[in-house]
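Text of the file entry-v4.txt, holding compact mmCIF, N, CA and C atoms:
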# COMPACT_ATOMS: atom_id res chain seq x y z
N MET A 1 -19.33 137.90 250.94
CA MET A 1 -18.11 137.64 250.21
C MET A 1 -17.04 138.67 250.56
N ARG A 2 -17.44 139.90 250.83
CA ARG A 2 -16.47 140.95 251.13
C ARG A 2 -15.73 140.68 252.43
N ILE A 3 -16.42 140.23 253.44
CA ILE A 3 -15.78 140.01 254.75
C ILE A 3 -14.72 138.92 254.68
N PRO A 4 -14.99 137.72 254.12
CA PRO A 4 -13.93 136.71 254.04
C PRO A 4 -12.72 137.19 253.23
N CYS A 5 -12.97 137.92 252.15
CA CYS A 5 -11.86 138.44 251.34
C CYS A 5 -11.04 139.46 252.14
N ALA A 6 -11.73 140.31 252.86
CA ALA A 6 -11.04 141.32 253.67
C ALA A 6 -10.20 140.64 254.76
N LEU A 7 -10.77 139.61 255.39
CA LEU A 7 -10.02 138.88 256.42
C LEU A 7 -8.81 138.16 255.84
N ALA A 8 -8.97 137.57 254.68
CA ALA A 8 -7.86 136.89 254.03
C ALA A 8 -6.75 137.88 253.68
N LEU A 9 -7.13 139.04 253.17
CA LEU A 9 -6.15 140.06 252.82
C LEU A 9 -5.45 140.59 254.07
N LEU A 10 -6.20 140.83 255.12
CA LEU A 10 -5.63 141.31 256.37
C LEU A 10 -4.63 140.30 256.93
N THR A 11 -4.96 139.03 256.88
CA THR A 11 -4.07 137.97 257.37
C THR A 11 -2.78 137.95 256.57
N MET A 12 -2.88 138.15 255.26
CA MET A 12 -1.68 138.14 254.42
C MET A 12 -0.80 139.35 254.70
N LEU A 13 -1.39 140.47 255.08
CA LEU A 13 -0.64 141.69 255.33
C LEU A 13 0.01 141.72 256.71
N LEU A 14 -0.50 140.95 257.64
CA LEU A 14 0.06 140.93 258.99
C LEU A 14 1.43 140.28 258.98
N PRO A 15 2.37 140.80 259.77
CA PRO A 15 3.65 140.11 259.88
C PRO A 15 3.43 138.69 260.40
N GLN A 16 4.28 137.79 259.97
CA GLN A 16 4.09 136.39 260.32
C GLN A 16 4.04 136.19 261.83
N GLY A 17 4.81 137.00 262.57
CA GLY A 17 4.85 136.86 264.02
C GLY A 17 3.52 137.12 264.70
N THR A 18 2.64 137.93 264.06
CA THR A 18 1.36 138.22 264.67
C THR A 18 0.30 137.21 264.28
N ARG A 19 0.59 136.36 263.30
CA ARG A 19 -0.39 135.37 262.85
C ARG A 19 -0.45 134.18 263.80
N ALA A 20 0.68 133.78 264.30
CA ALA A 20 0.72 132.62 265.17
C ALA A 20 1.58 132.95 266.38
N SER A 21 1.34 132.24 267.42
CA SER A 21 2.11 132.45 268.64
C SER A 21 3.54 131.96 268.43
N GLU A 22 4.50 132.85 268.71
CA GLU A 22 5.90 132.47 268.59
C GLU A 22 6.31 131.69 269.84
N PRO A 23 7.19 130.72 269.68
CA PRO A 23 7.66 130.00 270.85
C PRO A 23 8.48 130.91 271.76
N HIS A 24 8.24 130.81 273.06
CA HIS A 24 9.02 131.53 274.06
C HIS A 24 10.09 130.59 274.58
N VAL A 25 11.32 131.10 274.68
CA VAL A 25 12.41 130.29 275.18
C VAL A 25 13.37 131.18 275.95
N ASP A 26 13.97 130.63 276.99
CA ASP A 26 14.94 131.37 277.78
C ASP A 26 16.19 131.57 276.93
N VAL A 27 16.75 132.77 276.95
CA VAL A 27 17.91 133.07 276.13
C VAL A 27 19.09 132.16 276.45
N VAL A 28 19.24 131.74 277.69
CA VAL A 28 20.33 130.84 278.07
C VAL A 28 20.20 129.51 277.34
N VAL A 29 19.00 129.00 277.26
CA VAL A 29 18.74 127.73 276.58
C VAL A 29 18.91 127.89 275.07
N PHE A 30 18.45 129.00 274.54
CA PHE A 30 18.42 129.19 273.10
C PHE A 30 19.78 129.53 272.49
N ALA A 31 20.63 130.22 273.20
CA ALA A 31 21.88 130.72 272.62
C ALA A 31 22.70 129.63 271.96
N GLY A 32 22.78 128.47 272.55
CA GLY A 32 23.57 127.38 271.99
C GLY A 32 22.92 126.69 270.80
N ALA A 33 21.61 126.83 270.66
CA ALA A 33 20.89 126.13 269.60
C ALA A 33 20.40 127.07 268.51
N ALA A 34 20.75 128.33 268.56
CA ALA A 34 20.21 129.32 267.63
C ALA A 34 20.50 128.99 266.17
N ALA A 35 21.66 128.43 265.89
CA ALA A 35 22.04 128.14 264.50
C ALA A 35 21.07 127.17 263.82
N GLN A 36 20.41 126.33 264.59
CA GLN A 36 19.45 125.37 264.03
C GLN A 36 18.09 126.00 263.77
N HIS A 37 17.93 127.28 264.10
CA HIS A 37 16.61 127.93 263.98
C HIS A 37 16.63 129.15 263.08
N VAL A 38 17.62 129.26 262.21
CA VAL A 38 17.72 130.40 261.30
C VAL A 38 16.44 130.49 260.46
N GLY A 39 15.90 131.70 260.38
CA GLY A 39 14.68 131.93 259.60
C GLY A 39 13.41 131.81 260.41
N GLU A 40 13.47 131.24 261.59
CA GLU A 40 12.29 131.09 262.45
C GLU A 40 12.13 132.32 263.33
N ARG A 41 10.88 132.59 263.72
CA ARG A 41 10.61 133.67 264.68
C ARG A 41 10.50 133.07 266.06
N VAL A 42 11.15 133.70 267.02
CA VAL A 42 11.11 133.25 268.41
C VAL A 42 11.00 134.45 269.33
N THR A 43 10.64 134.18 270.57
CA THR A 43 10.66 135.19 271.62
C THR A 43 11.62 134.71 272.69
N LEU A 44 12.62 135.53 272.96
CA LEU A 44 13.61 135.20 273.99
C LEU A 44 13.23 135.89 275.29
N ASP A 45 13.12 135.12 276.34
CA ASP A 45 12.82 135.67 277.66
C ASP A 45 14.10 135.78 278.47
N HIS A 46 14.09 136.67 279.46
CA HIS A 46 15.23 136.90 280.37
C HIS A 46 16.45 137.40 279.61
N CYS A 47 16.22 138.28 278.67
CA CYS A 47 17.26 138.86 277.85
C CYS A 47 17.72 140.17 278.51
N HIS A 48 18.99 140.27 278.83
CA HIS A 48 19.56 141.49 279.41
C HIS A 48 20.20 142.28 278.27
N LEU A 49 19.62 143.42 277.92
CA LEU A 49 20.16 144.24 276.83
C LEU A 49 21.36 145.04 277.32
N VAL A 50 22.44 144.99 276.55
CA VAL A 50 23.65 145.75 276.86
C VAL A 50 24.22 146.33 275.58
N PHE A 51 25.08 147.33 275.74
CA PHE A 51 25.80 147.95 274.64
C PHE A 51 24.89 148.35 273.48
N ALA A 52 23.77 148.98 273.82
CA ALA A 52 22.81 149.41 272.80
C ALA A 52 23.38 150.57 271.98
N THR A 53 23.23 150.45 270.67
CA THR A 53 23.57 151.52 269.72
C THR A 53 22.35 151.72 268.83
N PRO A 54 22.32 152.76 268.02
CA PRO A 54 21.17 152.93 267.13
C PRO A 54 20.98 151.77 266.15
N GLU A 55 22.04 151.04 265.81
CA GLU A 55 21.95 149.95 264.84
C GLU A 55 21.61 148.60 265.48
N GLU A 56 22.19 148.33 266.66
CA GLU A 56 22.02 147.00 267.26
C GLU A 56 22.36 147.04 268.74
N MET A 57 22.07 145.94 269.40
CA MET A 57 22.39 145.77 270.82
C MET A 57 22.64 144.30 271.07
N THR A 58 23.14 143.99 272.24
CA THR A 58 23.44 142.61 272.58
C THR A 58 22.47 142.12 273.65
N CYS A 59 21.97 140.92 273.47
CA CYS A 59 21.12 140.24 274.45
C CYS A 59 22.01 139.24 275.17
N VAL A 60 22.11 139.37 276.48
CA VAL A 60 22.95 138.49 277.28
C VAL A 60 22.06 137.62 278.15
N GLY A 61 22.34 136.33 278.15
CA GLY A 61 21.67 135.39 279.04
C GLY A 61 22.56 135.10 280.23
N LEU A 62 21.97 135.04 281.40
CA LEU A 62 22.74 134.84 282.63
C LEU A 62 22.39 133.52 283.30
N ALA A 63 23.41 132.85 283.79
CA ALA A 63 23.20 131.64 284.58
C ALA A 63 22.74 132.08 285.97
N PRO A 64 22.07 131.19 286.70
CA PRO A 64 21.69 131.55 288.07
C PRO A 64 22.92 131.92 288.89
N LYS A 65 22.74 132.82 289.86
CA LYS A 65 23.85 133.24 290.71
C LYS A 65 24.45 132.04 291.44
N THR A 66 25.75 132.10 291.61
CA THR A 66 26.44 131.05 292.36
C THR A 66 26.23 131.29 293.84
N ALA A 67 26.67 130.35 294.67
CA ALA A 67 26.54 130.47 296.12
C ALA A 67 27.26 131.72 296.63
N THR A 68 28.30 132.14 295.94
CA THR A 68 29.04 133.34 296.35
C THR A 68 28.44 134.61 295.79
N GLY A 69 27.37 134.50 295.01
CA GLY A 69 26.68 135.66 294.45
C GLY A 69 27.21 136.10 293.11
N ASP A 70 28.15 135.35 292.53
CA ASP A 70 28.69 135.69 291.22
C ASP A 70 27.66 135.41 290.13
N VAL A 71 27.69 136.23 289.09
CA VAL A 71 26.80 136.06 287.94
C VAL A 71 27.67 135.72 286.74
N HIS A 72 27.29 134.69 285.99
CA HIS A 72 28.05 134.28 284.82
C HIS A 72 27.21 134.44 283.56
N THR A 73 27.83 135.02 282.54
CA THR A 73 27.20 135.13 281.23
C THR A 73 27.23 133.77 280.55
N VAL A 74 26.09 133.33 280.05
CA VAL A 74 26.01 132.03 279.42
C VAL A 74 25.86 132.13 277.91
N GLY A 75 25.10 133.08 277.43
CA GLY A 75 24.89 133.20 276.00
C GLY A 75 24.70 134.65 275.58
N LYS A 76 25.07 134.94 274.33
CA LYS A 76 24.90 136.28 273.78
C LYS A 76 24.32 136.18 272.37
N LEU A 77 23.40 137.08 272.06
CA LEU A 77 22.84 137.17 270.72
C LEU A 77 22.77 138.64 270.32
N LEU A 78 22.99 138.90 269.06
CA LEU A 78 22.89 140.24 268.50
C LEU A 78 21.41 140.54 268.27
N ILE A 79 21.00 141.75 268.59
CA ILE A 79 19.61 142.16 268.38
C ILE A 79 19.59 143.37 267.45
N ARG A 80 18.86 143.23 266.34
CA ARG A 80 18.63 144.35 265.43
C ARG A 80 17.14 144.66 265.47
N VAL A 81 16.83 145.79 266.07
CA VAL A 81 15.45 146.18 266.32
C VAL A 81 14.80 146.67 265.03
N ALA A 82 13.54 146.29 264.83
CA ALA A 82 12.77 146.71 263.66
C ALA A 82 12.69 148.23 263.58
N ALA A 83 12.71 148.74 262.36
CA ALA A 83 12.68 150.19 262.14
C ALA A 83 11.45 150.85 262.78
N ALA A 84 10.34 150.15 262.83
CA ALA A 84 9.11 150.71 263.39
C ALA A 84 9.13 150.76 264.91
N GLU A 85 10.11 150.19 265.52
CA GLU A 85 10.19 150.10 266.99
C GLU A 85 11.02 151.24 267.59
N MET A 86 10.82 152.45 267.12
CA MET A 86 11.63 153.59 267.57
C MET A 86 11.51 153.83 269.07
N ARG A 87 10.33 153.68 269.61
CA ARG A 87 10.14 153.95 271.05
C ARG A 87 10.96 152.97 271.89
N SER A 88 10.90 151.69 271.55
CA SER A 88 11.68 150.68 272.28
C SER A 88 13.17 150.89 272.07
N ARG A 89 13.55 151.21 270.84
CA ARG A 89 14.97 151.45 270.54
C ARG A 89 15.49 152.62 271.38
N ASN A 90 14.73 153.70 271.43
CA ASN A 90 15.14 154.88 272.20
C ASN A 90 15.24 154.57 273.69
N ARG A 91 14.32 153.77 274.17
CA ARG A 91 14.37 153.38 275.58
C ARG A 91 15.62 152.55 275.85
N ALA A 92 15.93 151.62 274.97
CA ALA A 92 17.14 150.80 275.12
C ALA A 92 18.39 151.68 275.06
N LEU A 93 18.41 152.65 274.17
CA LEU A 93 19.56 153.55 274.07
C LEU A 93 19.74 154.35 275.36
N ALA A 94 18.63 154.76 275.96
CA ALA A 94 18.70 155.55 277.19
C ALA A 94 19.11 154.71 278.41
N LEU A 95 18.64 153.48 278.46
CA LEU A 95 18.86 152.66 279.66
C LEU A 95 19.97 151.62 279.55
N CYS A 96 20.25 151.15 278.33
CA CYS A 96 21.06 149.94 278.17
C CYS A 96 22.29 150.16 277.28
N ASP A 97 22.84 151.37 277.30
CA ASP A 97 23.97 151.63 276.41
C ASP A 97 25.29 151.11 276.96
N GLY A 98 25.35 150.81 278.24
CA GLY A 98 26.57 150.28 278.85
C GLY A 98 26.47 148.77 279.03
N GLY A 99 27.32 148.25 279.87
CA GLY A 99 27.37 146.81 280.10
C GLY A 99 26.70 146.36 281.38
N ASP A 100 25.91 147.24 282.02
CA ASP A 100 25.24 146.90 283.28
C ASP A 100 24.19 145.82 283.05
N LEU A 101 24.18 144.82 283.90
CA LEU A 101 23.23 143.71 283.77
C LEU A 101 22.07 143.84 284.76
N GLY A 102 21.68 145.05 285.07
CA GLY A 102 20.61 145.29 286.03
C GLY A 102 19.23 144.93 285.49
N GLU A 103 18.25 145.00 286.38
CA GLU A 103 16.88 144.62 286.04
C GLU A 103 16.22 145.58 285.06
N ALA A 104 16.67 146.82 284.98
CA ALA A 104 16.04 147.81 284.11
C ALA A 104 16.06 147.39 282.65
N CYS A 105 17.04 146.57 282.27
CA CYS A 105 17.18 146.17 280.87
C CYS A 105 16.91 144.69 280.66
N GLU A 106 16.23 144.05 281.61
CA GLU A 106 15.83 142.65 281.43
C GLU A 106 14.48 142.64 280.73
N VAL A 107 14.45 142.08 279.51
CA VAL A 107 13.27 142.15 278.65
C VAL A 107 13.03 140.82 277.96
N SER A 108 11.96 140.78 277.21
CA SER A 108 11.74 139.70 276.23
C SER A 108 11.89 140.33 274.86
N VAL A 109 12.47 139.59 273.93
CA VAL A 109 12.70 140.11 272.58
C VAL A 109 12.19 139.08 271.57
N SER A 110 11.38 139.54 270.62
CA SER A 110 10.87 138.68 269.55
C SER A 110 11.49 139.10 268.23
N GLY A 111 11.84 138.12 267.40
CA GLY A 111 12.38 138.44 266.09
C GLY A 111 12.73 137.19 265.31
N GLU A 112 13.25 137.40 264.12
CA GLU A 112 13.65 136.30 263.24
C GLU A 112 15.11 135.96 263.49
N VAL A 113 15.39 134.70 263.71
CA VAL A 113 16.76 134.24 263.96
C VAL A 113 17.57 134.37 262.67
N PHE A 114 18.77 134.94 262.78
CA PHE A 114 19.65 135.04 261.62
C PHE A 114 21.10 134.87 262.03
N ASP A 115 21.91 134.52 261.06
CA ASP A 115 23.35 134.35 261.27
C ASP A 115 24.02 135.65 260.86
N ALA A 116 24.56 136.38 261.83
CA ALA A 116 25.18 137.68 261.57
C ALA A 116 26.67 137.57 261.31
N SER A 117 27.19 136.38 261.20
CA SER A 117 28.64 136.17 261.06
C SER A 117 29.22 136.94 259.88
N ARG A 118 28.56 136.90 258.73
CA ARG A 118 29.09 137.56 257.53
C ARG A 118 29.24 139.06 257.70
N SER A 119 28.31 139.67 258.45
CA SER A 119 28.38 141.13 258.62
C SER A 119 29.60 141.53 259.46
N PHE A 120 30.21 140.56 260.14
CA PHE A 120 31.42 140.83 260.91
C PHE A 120 32.65 140.24 260.24
N GLY A 121 32.48 139.70 259.04
CA GLY A 121 33.60 139.11 258.32
C GLY A 121 34.08 137.79 258.91
N LEU A 122 33.19 137.10 259.59
CA LEU A 122 33.54 135.83 260.22
C LEU A 122 33.00 134.66 259.41
N ASP A 123 33.78 133.63 259.31
CA ASP A 123 33.32 132.43 258.62
C ASP A 123 33.10 131.28 259.59
N ASP A 124 34.10 131.00 260.40
CA ASP A 124 34.01 129.84 261.31
C ASP A 124 33.25 130.16 262.59
N ALA A 125 33.54 131.31 263.18
CA ALA A 125 32.85 131.67 264.42
C ALA A 125 31.42 132.09 264.08
N ARG A 126 30.50 131.77 264.92
CA ARG A 126 29.10 132.09 264.69
C ARG A 126 28.66 133.24 265.59
N VAL A 127 28.07 134.24 264.97
CA VAL A 127 27.43 135.33 265.69
C VAL A 127 25.96 135.25 265.29
N MET A 128 25.14 134.78 266.19
CA MET A 128 23.71 134.62 265.92
C MET A 128 22.95 135.79 266.50
N GLY A 129 21.78 136.05 265.94
CA GLY A 129 20.98 137.15 266.45
C GLY A 129 19.54 137.08 266.01
N LEU A 130 18.80 138.12 266.39
CA LEU A 130 17.41 138.30 265.98
C LEU A 130 17.34 139.61 265.19
N ARG A 131 16.68 139.56 264.02
CA ARG A 131 16.48 140.78 263.25
C ARG A 131 15.00 141.10 263.19
N GLU A 132 14.72 142.34 262.80
CA GLU A 132 13.33 142.84 262.80
C GLU A 132 12.69 142.58 264.17
N ALA A 133 13.48 142.83 265.19
CA ALA A 133 13.07 142.48 266.56
C ALA A 133 12.19 143.54 267.20
N THR A 134 11.35 143.06 268.09
CA THR A 134 10.54 143.93 268.94
C THR A 134 10.89 143.62 270.38
N ILE A 135 10.93 144.65 271.20
CA ILE A 135 11.29 144.50 272.61
C ILE A 135 10.03 144.61 273.44
N CYS A 136 9.85 143.68 274.35
CA CYS A 136 8.72 143.72 275.28
C CYS A 136 9.28 144.07 276.66
N TRP A 137 9.06 145.30 277.07
CA TRP A 137 9.54 145.77 278.37
C TRP A 137 8.61 145.26 279.46
N PRO A 138 9.11 145.03 280.65
CA PRO A 138 8.29 144.39 281.70
C PRO A 138 7.15 145.25 282.24
N ASP A 139 7.14 146.55 281.98
CA ASP A 139 6.07 147.38 282.54
C ASP A 139 4.97 147.68 281.57

As structure tokens, please, write out the structure in this file.
Amino acid sequence: MRIPCALALLTMLLPQGTRASEPHVDVVVFAGAAAQHVGERVTLDHCHLVFATPEEMTCVGLAPKTATGDVHTVGKLLIRVAAAEMRSRNRALALCDGGDLGEACEVSVSGEVFDASRSFGLDDARVMGLREATICWPD
């Protein structure tokens, strides 16, 4: 009886993201549909972190390079890293504080989708993001 109770308690204490596999989606695909997924946990792949600050950073999705080698930004989402993710946050601050779209800051990010519009005083324009996020670095 103790083991099933302990397992049930452990399952309840685990964050929801660790209980079930979160859907993985490319940030370019997801950016336009994020508003329909508020409250859900997702993992965004091919996220280029830019403008990292201690409070938040931006995840930029890029379209494939054009024939001339130009890169176009397709989608952006705000990322608020979970408080327990200090190591990832510090790494992002060290590597991704500017607007460079290099490979060093291309990551996957998991978190809960939220509408950040109110925190910027916006009503009509939508600023979507992930909160309580964790960063999965490629190495």

- [ ] Go through segment 27-125 of chain A and collect every residue that DSSP, computed from the backbone, puts in strand (DSSP E or B); the answer should be as an MDAnalysis selection string.
- [x] chainID A and resid 41:50 57:62 73:81 106:115

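Note that the spacing between atom C of Trp137 of chain A and atom N of Ala34 of chain A amounts to 23.5 Å.
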
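DSSP, applied to the backbone of this structure, assigns alpha helix (DSSP H) to the following residues of segment 59-134 of chain A: Met86, Arg87, Ser88, Arg89, Asn90, Arg91, Ala92, Leu93, Ala94 and Leu95 of chain A.
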
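Residues lying within 10 Å of (18.0, 129.4, 272.8). Counted over only C-alpha atoms, they are His24, Val25, Asp26, Val27, Val28, Val29, Phe30, Ala31, Gly32, Ala33, Ala34, Ala35, Gln36, His37, Val42, Thr43, Leu44, Asp45, Gly61, Gly75, Lys76 and Leu77 of chain A.
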
Per residue of segment 7-121 of chain A within 5 Å of segment 127-136 of chain A, what are the shortest atom pair and its distance in Å to one decimal, counting only N, CA and C atoms, with rows by chain and residue number, as a tab-separated table?
residue	atom	partner	partner_atom	distance
A:Leu77	CA	A:Met128	C	4.4
A:Leu78	N	A:Gly129	CA	3.7
A:Ile79	CA	A:Leu130	N	4.6
A:Arg80	N	A:Leu130	C	4.1
A:Val81	CA	A:Ala133	N	4.0
A:Ala82	N	A:Ala133	N	3.5
A:Val107	CA	A:Cys136	C	4.9
A:Ser108	C	A:Cys136	N	4.0
A:Val109	CA	A:Thr134	C	4.5
A:Ser110	C	A:Thr134	N	4.0
A:Gly111	CA	A:Ala133	CA	4.1
A:Glu112	C	A:Arg131	N	4.0
A:Val113	CA	A:Gly129	C	4.5
A:Phe114	N	A:Gly129	C	4.0
A:Asp115	CA	A:Met128	CA	4.7
A:Ala116	N	A:Val127	C	3.9
A:Ser117	CA	A:Val127	N	4.4

Task: Between atom N of Cys105 of chain A and atom N of Ala83 of chain A - distance in Å to one decimal - done: 20.5 Å

TODO: Could you please determine the separation between atom C of Leu95 of chain A and atom N of Ser21 of chain A in Å, to one decimal place?
DONE: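 Going from atom C of Leu95 of chain A over to atom N of Ser21 of chain A, I get 29.5 Å.
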
Open item on the list: With distances taken over only N, CA and C atoms, which residue among A:Glu103, A:His48, A:Pro54, A:Asp70 lies nearest Asn90 of chain A?
Closed with: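 Distance minimum relative to Asn90 of chain A lands on A:Pro54.
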
Subset file: segment 29-98 of chain A, C-alpha atoms, as a compact mmCIF listing (two decimals), in the first residue's frame:
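What follows is the written file decode.txt:
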# COMPACT_ATOMS: atom_id res chain seq x y z
CA VAL A 29 4.81 27.10 -37.33
CA PHE A 30 3.71 27.83 -33.78
CA ALA A 31 4.12 31.63 -33.65
CA GLY A 32 0.97 32.30 -35.67
CA ALA A 33 -1.16 29.81 -33.76
CA ALA A 34 0.06 30.47 -30.20
CA ALA A 35 -3.09 32.36 -29.15
CA GLN A 36 -5.15 29.17 -29.58
CA HIS A 37 -2.88 27.29 -27.14
CA VAL A 38 -2.89 29.54 -24.05
CA GLY A 39 -2.44 27.44 -20.91
CA GLU A 40 -0.94 24.46 -22.76
CA ARG A 41 2.66 23.29 -22.37
CA VAL A 42 4.68 23.00 -25.56
CA THR A 43 8.27 22.63 -26.67
CA LEU A 44 9.43 24.99 -29.39
CA ASP A 45 12.25 23.78 -31.60
CA HIS A 46 14.62 25.95 -33.68
CA CYS A 47 14.21 28.88 -31.31
CA HIS A 48 16.91 31.56 -31.68
CA LEU A 49 17.24 33.40 -28.35
CA VAL A 50 17.95 37.12 -28.62
CA PHE A 51 17.90 40.19 -26.38
CA ALA A 52 18.20 38.13 -23.19
CA THR A 53 17.70 40.01 -19.91
CA PRO A 54 17.41 38.62 -16.38
CA GLU A 55 13.58 38.83 -16.66
CA GLU A 56 12.92 37.59 -20.21
CA MET A 57 14.23 36.97 -23.69
CA THR A 58 12.85 36.69 -27.19
CA CYS A 59 12.57 33.49 -29.21
CA VAL A 60 12.84 34.19 -32.94
CA GLY A 61 11.80 31.76 -35.64
CA LEU A 62 13.57 31.99 -38.99
CA ALA A 63 12.36 31.12 -42.46
CA PRO A 64 14.72 29.08 -44.63
CA LYS A 65 17.43 31.18 -46.31
CA THR A 66 16.50 32.66 -49.65
CA ALA A 67 18.48 31.95 -52.82
CA THR A 68 20.47 35.13 -52.13
CA GLY A 69 21.30 33.94 -48.59
CA ASP A 70 18.99 36.38 -46.82
CA VAL A 71 17.39 35.27 -43.55
CA HIS A 72 13.88 36.43 -42.66
CA THR A 73 12.31 36.50 -39.21
CA VAL A 74 8.96 34.74 -39.29
CA GLY A 75 7.78 34.63 -35.69
CA LYS A 76 8.67 35.94 -32.24
CA LEU A 77 7.63 34.80 -28.78
CA LEU A 78 8.51 36.15 -25.36
CA ILE A 79 10.30 33.67 -23.08
CA ARG A 80 10.16 33.92 -19.30
CA VAL A 81 12.53 31.35 -17.86
CA ALA A 82 11.55 29.44 -14.71
CA ALA A 83 13.21 30.67 -11.52
CA ALA A 84 14.87 27.27 -10.99
CA GLU A 85 16.58 27.49 -14.38
CA MET A 86 19.41 29.80 -13.24
CA ARG A 87 22.11 27.93 -15.15
CA SER A 88 20.25 28.17 -18.46
CA ARG A 89 19.28 31.78 -17.78
CA ASN A 90 22.91 32.70 -17.07
CA ARG A 91 24.06 30.96 -20.22
CA ALA A 92 21.47 32.85 -22.28
CA LEU A 93 22.56 36.13 -20.67
CA ALA A 94 26.18 35.40 -21.55
CA LEU A 95 25.57 34.26 -25.13
CA CYS A 96 22.29 35.75 -26.32
CA ASP A 97 22.05 39.29 -24.96
CA GLY A 98 22.27 40.90 -28.40
